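See below for upload.txt, which holds compact mmCIF, C-alpha atoms.
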# COMPACT_ATOMS: atom_id res chain seq x y z
CA MET A 59 25.60 19.66 -28.56
CA HIS A 60 26.39 16.60 -26.44
CA HIS A 61 30.17 16.38 -26.72
CA PHE A 62 30.78 14.01 -23.81
CA THR A 63 28.08 11.57 -24.90
CA ALA A 64 29.41 11.71 -28.47
CA LEU A 65 32.90 10.90 -27.15
CA VAL A 66 31.62 7.95 -25.08
CA THR A 67 29.70 6.72 -28.15
CA CYS A 68 32.97 6.64 -30.12
CA LEU A 69 34.67 4.76 -27.26
CA ALA A 70 31.81 2.22 -27.01
CA VAL A 71 31.95 1.64 -30.78
CA LEU A 72 35.74 1.17 -30.52
CA PHE A 73 35.37 -1.35 -27.69
CA TYR A 74 32.67 -3.23 -29.59
CA PHE A 75 34.90 -3.30 -32.68
CA PHE A 76 37.71 -4.73 -30.52
CA THR A 77 35.45 -7.66 -29.46
CA SER A 78 35.08 -8.45 -33.20
CA VAL A 79 38.83 -8.34 -33.76
CA ARG A 80 39.24 -10.88 -30.94
CA VAL A 81 36.84 -13.24 -32.76
CA ALA A 82 38.89 -12.98 -35.97
CA ARG A 83 42.08 -13.68 -33.98
CA ALA A 84 40.48 -16.63 -32.13
CA ARG A 85 39.42 -18.11 -35.48
CA ILE A 86 43.05 -18.24 -36.58
CA ALA A 87 44.49 -19.34 -33.22
CA LEU A 88 41.93 -22.11 -32.69
CA GLY A 89 41.44 -23.17 -36.31
CA VAL A 90 37.71 -22.37 -36.56
CA LYS A 91 37.28 -21.67 -40.27
CA LEU A 92 34.68 -19.28 -41.73
CA PRO A 93 31.73 -19.48 -42.10
CA ALA A 94 31.49 -21.73 -38.99
CA ILE A 95 30.58 -20.07 -35.66
CA SER A 96 31.23 -23.07 -33.43
CA GLY A 97 33.66 -25.97 -33.09
CA HIS A 98 35.85 -25.05 -30.09
CA PRO A 99 34.63 -23.94 -26.63
CA ASP A 100 37.35 -21.27 -26.31
CA PHE A 101 36.27 -19.80 -29.67
CA GLU A 102 32.61 -19.95 -28.72
CA ARG A 103 33.17 -17.93 -25.55
CA VAL A 104 35.09 -15.22 -27.44
CA PHE A 105 32.33 -15.26 -30.08
CA ARG A 106 29.63 -14.96 -27.40
CA VAL A 107 31.39 -11.88 -25.94
CA GLN A 108 31.12 -10.14 -29.31
CA MET A 109 27.53 -11.32 -29.85
CA ASN A 110 26.44 -10.27 -26.37
CA THR A 111 28.03 -6.84 -26.82
CA LEU A 112 26.25 -6.55 -30.18
CA GLU A 113 23.00 -7.62 -28.50
CA TRP A 114 23.35 -4.83 -25.92
CA MET A 115 24.23 -2.04 -28.38
CA PRO A 116 20.54 -1.35 -29.30
CA ILE A 117 19.77 -1.17 -25.56
CA PHE A 118 22.78 0.94 -24.60
CA LEU A 119 23.03 3.50 -27.42
CA PRO A 120 19.36 4.66 -27.54
CA SER A 121 19.20 4.77 -23.70
CA LEU A 122 22.49 6.69 -23.51
CA TRP A 123 21.33 9.33 -26.00
CA LEU A 124 17.81 9.73 -24.62
CA PHE A 125 19.35 10.20 -21.16
CA ALA A 126 21.81 12.75 -22.58
CA ILE A 127 19.09 14.69 -24.41
CA TYR A 128 16.47 14.58 -21.64
CA ILE A 129 18.68 14.83 -18.54
CA SER A 130 22.39 15.60 -18.85
CA ASP A 131 25.24 15.17 -21.32
CA SER A 132 27.96 14.74 -18.70
CA VAL A 133 25.97 12.39 -16.43
CA ALA A 134 25.00 10.23 -19.43
CA ALA A 135 28.65 10.09 -20.51
CA ALA A 136 29.81 9.15 -16.99
CA ILE A 137 27.28 6.29 -16.76
CA GLY A 138 28.25 5.30 -20.31
CA LEU A 139 31.87 4.97 -19.17
CA VAL A 140 30.72 2.67 -16.35
CA TRP A 141 28.94 0.57 -18.99
CA ILE A 142 32.18 0.27 -21.01
CA VAL A 143 34.15 -0.72 -17.88
CA GLY A 144 31.53 -3.38 -17.07
CA ARG A 145 31.78 -4.64 -20.66
CA ILE A 146 35.59 -4.88 -20.40
CA LEU A 147 35.32 -6.90 -17.17
CA TYR A 148 32.68 -9.11 -18.80
CA MET A 149 35.00 -9.71 -21.76
CA THR A 150 38.09 -10.55 -19.74
CA GLY A 151 36.08 -12.77 -17.35
CA TYR A 152 34.10 -14.63 -20.01
CA SER A 153 37.23 -15.26 -22.10
CA ARG A 154 38.63 -17.24 -19.17
CA ALA A 155 35.48 -19.13 -18.07
CA VAL A 156 31.69 -18.93 -18.48
CA GLU A 157 31.25 -18.45 -14.70
CA LYS A 158 33.55 -15.40 -14.57
CA ARG A 159 31.33 -13.25 -16.78
CA GLY A 160 28.98 -12.39 -13.86
CA PRO A 161 30.37 -9.22 -12.21
CA GLY A 162 31.08 -7.37 -15.47
CA PHE A 163 27.68 -8.33 -16.82
CA ALA A 164 25.95 -7.02 -13.68
CA ILE A 165 27.81 -3.68 -13.84
CA GLN A 166 26.97 -3.02 -17.49
CA ALA A 167 23.35 -4.17 -16.99
CA LEU A 168 22.98 -1.78 -14.04
CA ALA A 169 24.50 1.12 -15.99
CA ALA A 170 22.21 0.47 -18.97
CA THR A 171 19.19 0.18 -16.68
CA VAL A 172 19.96 3.55 -15.02
CA LEU A 173 20.24 5.19 -18.46
CA TRP A 174 17.02 3.58 -19.69
CA ALA A 175 14.98 4.23 -16.52
CA GLY A 176 16.24 7.80 -16.19
CA ALA A 177 15.31 8.55 -19.80
CA LEU A 178 11.91 6.86 -19.54
CA GLY A 179 11.03 8.61 -16.27
CA THR A 180 11.92 12.03 -17.66
CA ILE A 181 10.07 11.45 -20.94
CA VAL A 182 6.90 10.41 -19.08
CA TRP A 183 7.22 13.41 -16.74
CA ARG A 184 7.59 15.78 -19.70
CA LEU A 185 4.58 14.27 -21.46
CA ALA A 186 2.50 14.54 -18.28
CA HIS A 187 3.56 18.13 -17.53
CA GLY A 188 3.40 19.44 -21.09
CA MET B 4 18.89 19.06 -41.09
CA HIS B 5 21.13 16.39 -42.59
CA HIS B 6 19.20 15.37 -45.70
CA PHE B 7 22.02 13.54 -47.48
CA THR B 8 23.01 11.52 -44.42
CA ALA B 9 19.35 10.70 -43.80
CA LEU B 10 19.08 9.48 -47.40
CA VAL B 11 22.21 7.31 -47.09
CA THR B 12 20.84 5.91 -43.81
CA CYS B 13 17.69 4.79 -45.65
CA LEU B 14 19.82 3.20 -48.39
CA ALA B 15 22.04 1.40 -45.84
CA VAL B 16 18.94 0.08 -44.05
CA LEU B 17 17.54 -1.09 -47.41
CA PHE B 18 20.78 -2.89 -48.29
CA TYR B 19 20.93 -4.52 -44.86
CA PHE B 20 17.31 -5.63 -45.25
CA PHE B 21 18.23 -7.15 -48.62
CA THR B 22 20.95 -9.30 -46.98
CA SER B 23 18.17 -10.73 -44.72
CA VAL B 24 15.95 -11.48 -47.71
CA ARG B 25 18.82 -13.44 -49.26
CA VAL B 26 19.03 -15.58 -46.08
CA ALA B 27 15.30 -16.37 -46.30
CA ARG B 28 15.69 -17.30 -49.98
CA ALA B 29 18.81 -19.45 -49.28
CA ARG B 30 16.86 -21.31 -46.58
CA ILE B 31 14.29 -22.38 -49.16
CA ALA B 32 16.76 -23.06 -51.99
CA LEU B 33 19.15 -25.10 -49.82
CA GLY B 34 16.60 -26.74 -47.52
CA VAL B 35 17.89 -25.27 -44.23
CA LYS B 36 14.76 -25.25 -42.07
CA LEU B 37 14.07 -22.74 -39.30
CA PRO B 38 15.20 -22.39 -36.53
CA ALA B 39 18.54 -23.88 -37.72
CA ILE B 40 21.31 -21.45 -38.72
CA SER B 41 23.72 -24.04 -40.14
CA GLY B 42 23.66 -27.23 -42.19
CA HIS B 43 24.94 -26.21 -45.64
CA PRO B 44 28.14 -24.21 -46.40
CA ASP B 45 26.41 -22.12 -49.12
CA PHE B 46 23.68 -21.17 -46.63
CA GLU B 47 26.22 -20.38 -43.92
CA ARG B 48 28.09 -17.92 -46.16
CA VAL B 49 24.86 -16.08 -47.07
CA PHE B 50 23.92 -16.09 -43.37
CA ARG B 51 27.35 -14.74 -42.41
CA VAL B 52 26.94 -11.85 -44.90
CA GLN B 53 23.74 -10.80 -43.12
CA MET B 54 25.26 -11.29 -39.66
CA ASN B 55 28.43 -9.39 -40.52
CA THR B 56 26.39 -6.51 -41.95
CA LEU B 57 24.30 -6.52 -38.74
CA GLU B 58 27.52 -6.56 -36.70
CA TRP B 59 28.77 -3.45 -38.52
CA MET B 60 25.53 -1.45 -38.27
CA PRO B 61 26.28 -0.22 -34.69
CA ILE B 62 29.74 0.85 -35.90
CA PHE B 63 28.59 2.46 -39.14
CA LEU B 64 25.39 4.31 -38.16
CA PRO B 65 26.69 6.13 -35.03
CA SER B 66 29.97 7.03 -36.80
CA LEU B 67 28.07 8.25 -39.88
CA TRP B 68 25.80 10.52 -37.85
CA LEU B 69 28.50 11.89 -35.55
CA PHE B 70 30.58 12.71 -38.63
CA ALA B 71 27.55 14.38 -40.25
CA ILE B 72 26.73 16.43 -37.14
CA TYR B 73 30.31 17.40 -36.27
CA ILE B 74 31.84 17.81 -39.73
CA SER B 75 29.66 17.74 -42.85
CA ASP B 76 26.38 16.27 -44.03
CA SER B 77 27.44 15.82 -47.66
CA VAL B 78 30.92 14.41 -46.88
CA ALA B 79 29.42 11.95 -44.37
CA ALA B 80 26.86 10.85 -46.97
CA ALA B 81 29.55 10.41 -49.66
CA ILE B 82 31.69 8.22 -47.36
CA GLY B 83 28.51 6.38 -46.35
CA LEU B 84 27.89 5.56 -50.02
CA VAL B 85 31.42 4.13 -50.24
CA TRP B 86 30.56 1.95 -47.22
CA ILE B 87 27.46 0.62 -48.98
CA VAL B 88 29.46 -0.10 -52.17
CA GLY B 89 32.07 -1.98 -50.10
CA ARG B 90 29.27 -3.94 -48.44
CA ILE B 91 27.78 -4.89 -51.82
CA LEU B 92 31.20 -6.14 -53.05
CA TYR B 93 31.63 -8.06 -49.77
CA MET B 94 28.21 -9.68 -50.26
CA THR B 95 28.72 -10.71 -53.87
CA GLY B 96 32.26 -11.96 -53.14
CA TYR B 97 31.44 -13.89 -49.96
CA SER B 98 28.41 -15.52 -51.58
CA ARG B 99 30.76 -17.13 -54.10
CA ALA B 100 33.65 -18.09 -51.76
CA VAL B 101 35.00 -17.21 -48.30
CA GLU B 102 38.26 -15.93 -49.84
CA LYS B 103 36.49 -13.45 -52.13
CA ARG B 104 35.07 -11.36 -49.29
CA GLY B 105 38.39 -9.48 -48.78
CA PRO B 106 38.28 -6.39 -51.06
CA GLY B 107 34.70 -5.41 -50.19
CA PHE B 108 35.41 -5.90 -46.50
CA ALA B 109 38.50 -3.68 -46.69
CA ILE B 110 36.59 -0.87 -48.48
CA GLN B 111 33.73 -0.80 -45.98
CA ALA B 112 36.13 -1.07 -43.02
CA LEU B 113 38.15 1.88 -44.35
CA ALA B 114 35.01 3.97 -44.93
CA ALA B 115 33.73 3.23 -41.41
CA THR B 116 37.15 4.02 -39.92
CA VAL B 117 37.28 7.40 -41.67
CA LEU B 118 33.80 8.24 -40.35
CA TRP B 119 34.69 7.12 -36.83
CA ALA B 120 38.14 8.78 -36.69
CA GLY B 121 36.85 12.00 -38.22
CA ALA B 122 34.04 12.21 -35.69
CA LEU B 123 36.29 11.33 -32.74
CA GLY B 124 38.98 13.82 -33.75
CA THR B 125 36.47 16.65 -34.12
CA ILE B 126 34.72 15.82 -30.83
CA VAL B 127 38.03 15.83 -28.93
CA TRP B 128 39.05 19.11 -30.63
CA ARG B 129 35.74 20.72 -29.65
CA LEU B 130 36.05 19.54 -26.05
CA ALA B 131 39.63 20.84 -25.86
CA HIS B 132 38.80 24.22 -27.44
CA GLY B 133 35.49 24.82 -25.65
CA MET C 42 11.55 17.39 -29.02
CA HIS C 43 9.97 14.09 -30.01
CA HIS C 44 8.52 12.87 -26.71
CA PHE C 45 6.19 10.20 -28.12
CA THR C 46 8.88 8.68 -30.32
CA ALA C 47 11.32 8.74 -27.41
CA LEU C 48 8.73 6.92 -25.29
CA VAL C 49 8.13 4.26 -27.97
CA THR C 50 11.91 3.85 -28.31
CA CYS C 51 12.12 3.05 -24.57
CA LEU C 52 9.26 0.55 -24.94
CA ALA C 53 10.87 -1.12 -27.98
CA VAL C 54 14.17 -1.42 -26.08
CA LEU C 55 12.29 -2.92 -23.12
CA PHE C 56 10.53 -5.46 -25.32
CA TYR C 57 13.81 -6.38 -27.03
CA PHE C 58 15.45 -6.80 -23.63
CA PHE C 59 12.60 -9.10 -22.62
CA THR C 60 13.30 -11.38 -25.61
CA SER C 61 16.86 -11.76 -24.23
CA VAL C 62 15.59 -12.62 -20.76
CA ARG C 63 13.48 -15.39 -22.32
CA VAL C 64 16.64 -16.86 -23.90
CA ALA C 65 18.39 -16.92 -20.52
CA ARG C 66 15.35 -18.60 -18.95
CA ALA C 67 15.09 -21.14 -21.80
CA ARG C 68 18.78 -22.01 -21.32
CA ILE C 69 18.08 -23.03 -17.73
CA ALA C 70 14.73 -24.74 -18.40
CA LEU C 71 16.02 -26.76 -21.38
CA GLY C 72 19.59 -27.35 -20.19
CA VAL C 73 21.36 -25.55 -23.07
CA LYS C 74 24.62 -24.47 -21.44
CA LEU C 75 26.60 -21.36 -22.42
CA PRO C 76 28.32 -20.73 -24.81
CA ALA C 77 26.19 -23.07 -26.99
CA ILE C 78 23.40 -21.50 -29.07
CA SER C 79 21.80 -24.72 -30.24
CA GLY C 80 20.96 -28.17 -28.91
CA HIS C 81 17.17 -28.15 -28.38
CA PRO C 82 14.51 -27.05 -30.93
CA ASP C 83 12.45 -25.23 -28.25
CA PHE C 84 15.54 -23.26 -27.21
CA GLU C 85 16.46 -22.50 -30.82
CA ARG C 86 13.04 -20.96 -31.51
CA VAL C 87 13.25 -18.73 -28.42
CA PHE C 88 16.81 -17.80 -29.44
CA ARG C 89 15.68 -17.00 -32.99
CA VAL C 90 12.98 -14.64 -31.63
CA GLN C 91 15.67 -12.63 -29.84
CA MET C 92 18.02 -12.74 -32.83
CA ASN C 93 15.32 -11.72 -35.29
CA THR C 94 14.28 -8.82 -33.03
CA LEU C 95 17.95 -7.79 -32.82
CA GLU C 96 18.20 -8.07 -36.61
CA TRP C 97 15.26 -5.69 -37.05
CA MET C 98 16.41 -3.06 -34.54
CA PRO C 99 18.76 -1.34 -37.06
CA ILE C 100 15.86 -1.25 -39.53
CA PHE C 101 13.22 -0.11 -37.06
CA LEU C 102 15.02 2.51 -34.93
CA PRO C 103 16.56 4.62 -37.75
CA SER C 104 13.31 4.47 -39.77
CA LEU C 105 11.25 5.41 -36.70
CA TRP C 106 13.40 8.43 -35.93
CA LEU C 107 13.74 9.66 -39.51
CA PHE C 108 9.95 9.42 -39.85
CA ALA C 109 9.52 11.32 -36.55
CA ILE C 110 11.97 14.06 -37.55
CA TYR C 111 10.81 14.44 -41.16
CA ILE C 112 7.06 13.84 -40.80
CA SER C 113 5.45 13.60 -37.36
CA ASP C 114 6.37 12.61 -33.81
CA SER C 115 2.94 11.26 -32.89
CA VAL C 116 2.36 9.36 -36.16
CA ALA C 117 5.84 7.80 -35.92
CA ALA C 118 5.12 6.75 -32.34
CA ALA C 119 1.73 5.26 -33.28
CA ILE C 120 3.28 3.17 -36.10
CA GLY C 121 6.11 2.25 -33.70
CA LEU C 122 3.51 0.87 -31.29
CA VAL C 123 2.07 -1.26 -34.10
CA TRP C 124 5.60 -2.57 -34.71
CA ILE C 125 5.91 -3.58 -31.03
CA VAL C 126 2.49 -5.30 -31.12
CA GLY C 127 3.55 -7.23 -34.26
CA ARG C 128 6.78 -8.21 -32.51
CA ILE C 129 4.84 -9.49 -29.47
CA LEU C 130 2.58 -11.62 -31.70
CA TYR C 131 5.67 -12.89 -33.55
CA MET C 132 7.27 -13.86 -30.23
CA THR C 133 4.26 -15.67 -28.80
CA GLY C 134 3.58 -17.43 -32.13
CA TYR C 135 7.17 -18.48 -32.83
CA SER C 136 7.64 -19.76 -29.27
CA ARG C 137 4.87 -22.28 -29.96
CA ALA C 138 5.75 -23.32 -33.51
CA VAL C 139 7.82 -22.07 -36.48
CA GLU C 140 4.66 -21.81 -38.64
CA LYS C 141 2.88 -19.51 -36.15
CA ARG C 142 5.37 -16.67 -36.52
CA GLY C 143 3.77 -15.43 -39.77
CA PRO C 144 1.05 -12.91 -38.81
CA GLY C 145 3.16 -11.07 -36.22
CA PHE C 146 6.09 -10.95 -38.62
CA ALA C 147 3.93 -9.47 -41.36
CA ILE C 148 2.52 -6.77 -39.06
CA GLN C 149 5.94 -5.61 -37.84
CA ALA C 150 7.41 -5.78 -41.37
CA LEU C 151 4.54 -3.62 -42.68
CA ALA C 152 4.95 -1.09 -39.84
CA ALA C 153 8.71 -0.86 -40.42
CA THR C 154 8.17 -0.50 -44.19
CA VAL C 155 5.72 2.38 -43.69
CA LEU C 156 8.22 4.15 -41.42
CA TRP C 157 11.10 3.59 -43.85
CA ALA C 158 9.17 4.51 -47.03
CA GLY C 159 7.58 7.56 -45.41
CA ALA C 160 10.97 8.83 -44.26
CA LEU C 161 12.67 8.10 -47.60
CA GLY C 162 9.90 9.76 -49.62
CA THR C 163 9.98 12.90 -47.50
CA ILE C 164 13.79 13.12 -47.55
CA VAL C 165 13.86 12.83 -51.36
CA TRP C 166 11.08 15.42 -51.66
CA ARG C 167 12.98 17.84 -49.41
CA LEU C 168 16.20 17.36 -51.38
CA ALA C 169 14.35 17.91 -54.66
CA HIS C 170 12.48 21.03 -53.42
CA GLY C 171 15.37 22.59 -51.52
Once more with this new file: its structure as structure tokens, please.
Amino acid sequence: MHHFTALVTCLAVLFYFFTSVRVARARIALGVKLPAISGHPDFERVFRVQMNTLEWMPIFLPSLWLFAIYISDSVAAAIGLVWIVGRILYMTGYSRAVEKRGPGFAIQALAATVLWAGALGTIVWRLAHG
Amino acid sequence: MHHFTALVTCLAVLFYFFTSVRVARARIALGVKLPAISGHPDFERVFRVQMNTLEWMPIFLPSLWLFAIYISDSVAAAIGLVWIVGRILYMTGYSRAVEKRGPGFAIQALAATVLWAGALGTIVWRLAHG
Amino acid sequence: MHHFTALVTCLAVLFYFFTSVRVARARIALGVKLPAISGHPDFERVFRVQMNTLEWMPIFLPSLWLFAIYISDSVAAAIGLVWIVGRILYMTGYSRAVEKRGPGFAIQALAATVLWAGALGTIVWRLAHG
């Protein structure tokens, strides 16, 4: 069992859900009616935070779990927490201005890359060494 | 093995695929040419049904499987079926009018929340009790 | 363990990530500033390639893994490679013109359908035969 990775998965899903709630709130606050997805720059930035988080979920979740299975549950979970922290910084920065999304984005991209590369390296090693 | 949850996963993927097919059909029927994703309110509602289902897949699928692994295959699958039913009601309602998406949305959100909270609670309990 | 399927998962994630990088590059080259997601037909086609790949990830990844678990790791991985090749053809075609996305799309759709149908058939058979 991979309890820590399972816990971090629940937390990542919760954070991602929260980015969706912010879009629903921004719709009301800024008067962007469904089904439109544009119309106000403040709304569009909040919407892009959700979309970008969604876009990274199929990178993050498979990499997180392959790392957990092939290398270590607790190390995967720790790097997964770093990813969530980077995502939170990205969200708070981007909500203020496009330029302020940089540091958070870099942190989460680095965390995801470590998970992906660690998993890939170990899988290739296992295949090569039977 | 988690046969029932695997079956419900296949059904959820099929339903999600069907929401994409409806977008392709609406493009032709309403004359919204690729690569545009707007231009006609009827198209935009059908498009939003697909997008919203996509947005919920990374909430639903991990929660479904963690619930199945940590609690019960058959209970996870039963709640997963409720999620699909809620999604179908959301689709049929939203396709007619923005206001009619409410009940289906609430059902699927409740089903996903039960899966997520059940998984999280059990994971935390296992971590606390070794 | 499902080493080959894990390897193909890493490759699919890498390819998907690459479609995102192309969007970032197209933004700069064509002057489509964040948070906009439209404004230039060349940008919109590159954006649609990423979005469509994202849209297919929740179809492809669960089907790939259910096929691997229920049928065969190496066969799942081989069909997964065909999916990636189809995706690459779709990307290169669509980037040139909307009409040229057809063959690649058909290949990846066929590969995903084989994975999904194979998994579903085996799951139903297992449930029926205990």
List as a Markdown table every residue of stretch 66-168 of chain A that is in contact with stretch 113-129 of chain B, defined as an atom at most 9 Å from one of its atoms (using only C-alpha atoms), together with the nearest atom pair and the distance in Å rounded to one decimal, sorted by chain and then rising number.
| residue | atom | partner | partner_atom | distance |
| --- | --- | --- | --- | --- |
| A:Cys68 | CA | B:Leu123 | CA | 6.3 |
| A:Leu69 | CA | B:Leu123 | CA | 8.7 |
| A:Val71 | CA | B:Trp119 | CA | 8.6 |
| A:Leu72 | CA | B:Trp119 | CA | 8.7 |
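Atom pair atom CA of A:Ala82 / atom CA of B:Met54: separated by 14.2 Å.
Here is the contact set of chain C against chain A, at 9 Å and counting all atoms listed in the file: His44, Phe45, Ala47, Leu48, Thr50, Cys51, Leu52, Val54, Leu55, Tyr57, Phe58, Ser61, Leu75, Pro76, Ala77, Gln91, Met92, Leu95, Met98, Pro99 and Leu102 of chain C.
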9 Å contact set for C:Ala109, only C-alpha atoms, chain neighbours under 6 positions out, as JSON, numbers by chain: {"C": [43, 46, 115, 116, 117, 118, 156, 160]}
Kindly give the distance, in Å, that separates atom CA of B:His132 and atom CA of A:Phe76, rounded to a single decimal.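 Distance between the two atoms: 29.1 Å.
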Between atom CA of C:Ile69 and atom CA of A:Tyr148 - distance in Å to one decimal: 20.2 Å
Dump stretch 66-83 of chain B with N, CA, C and O atoms to a file, as a compact mmCIF listing (two decimals), in the first residue's frame.
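Saved to part00.txt:
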# COMPACT_ATOMS: atom_id res chain seq x y z
N SER B 66 -10.49 9.41 -7.01
CA SER B 66 -11.32 9.18 -5.82
C SER B 66 -12.00 7.82 -5.89
O SER B 66 -12.06 7.08 -4.89
N LEU B 67 -12.52 7.48 -7.07
CA LEU B 67 -13.17 6.18 -7.28
C LEU B 67 -12.22 5.03 -6.94
O LEU B 67 -12.57 4.10 -6.20
N TRP B 68 -11.00 5.10 -7.46
CA TRP B 68 -10.06 4.00 -7.27
C TRP B 68 -9.50 3.93 -5.86
O TRP B 68 -9.30 2.83 -5.32
N LEU B 69 -9.25 5.10 -5.24
CA LEU B 69 -8.78 5.06 -3.85
C LEU B 69 -9.88 4.50 -2.95
O LEU B 69 -9.60 3.72 -2.03
N PHE B 70 -11.12 4.88 -3.20
CA PHE B 70 -12.25 4.32 -2.44
C PHE B 70 -12.31 2.80 -2.64
O PHE B 70 -12.47 2.05 -1.67
N ALA B 71 -12.18 2.36 -3.88
CA ALA B 71 -12.25 0.92 -4.18
C ALA B 71 -11.14 0.15 -3.48
O ALA B 71 -11.36 -0.92 -2.91
N ILE B 72 -9.93 0.71 -3.51
CA ILE B 72 -8.77 0.02 -2.93
C ILE B 72 -8.84 0.04 -1.41
O ILE B 72 -8.57 -0.96 -0.76
N TYR B 73 -9.22 1.17 -0.83
CA TYR B 73 -9.19 1.32 0.62
C TYR B 73 -10.46 0.84 1.31
O TYR B 73 -10.44 0.51 2.49
N ILE B 74 -11.60 0.85 0.61
CA ILE B 74 -12.85 0.50 1.28
C ILE B 74 -13.52 -0.71 0.63
O ILE B 74 -13.52 -1.79 1.20
N SER B 75 -14.07 -0.54 -0.58
CA SER B 75 -14.84 -1.64 -1.16
C SER B 75 -14.99 -1.45 -2.66
O SER B 75 -15.35 -0.36 -3.13
N ASP B 76 -14.74 -2.52 -3.39
CA ASP B 76 -14.89 -2.51 -4.85
C ASP B 76 -16.34 -2.26 -5.23
O ASP B 76 -16.65 -1.38 -6.04
N SER B 77 -17.27 -3.02 -4.64
CA SER B 77 -18.67 -2.94 -5.09
C SER B 77 -19.32 -1.62 -4.67
O SER B 77 -20.10 -1.04 -5.43
N VAL B 78 -18.98 -1.11 -3.47
CA VAL B 78 -19.55 0.17 -3.03
C VAL B 78 -19.01 1.30 -3.90
O VAL B 78 -19.76 2.20 -4.33
N ALA B 79 -17.71 1.28 -4.19
CA ALA B 79 -17.12 2.29 -5.07
C ALA B 79 -17.83 2.28 -6.43
O ALA B 79 -18.20 3.33 -6.96
N ALA B 80 -18.03 1.08 -6.97
CA ALA B 80 -18.67 0.96 -8.29
C ALA B 80 -20.10 1.49 -8.25
O ALA B 80 -20.54 2.17 -9.19
N ALA B 81 -20.84 1.20 -7.17
CA ALA B 81 -22.23 1.67 -7.05
C ALA B 81 -22.27 3.20 -7.02
O ALA B 81 -23.09 3.82 -7.71
N ILE B 82 -21.38 3.81 -6.22
CA ILE B 82 -21.35 5.28 -6.16
C ILE B 82 -20.89 5.84 -7.50
O ILE B 82 -21.37 6.88 -7.96
N GLY B 83 -19.97 5.13 -8.16
CA GLY B 83 -19.51 5.55 -9.48
C GLY B 83 -20.65 5.56 -10.50
O GLY B 83 -20.72 6.44 -11.36
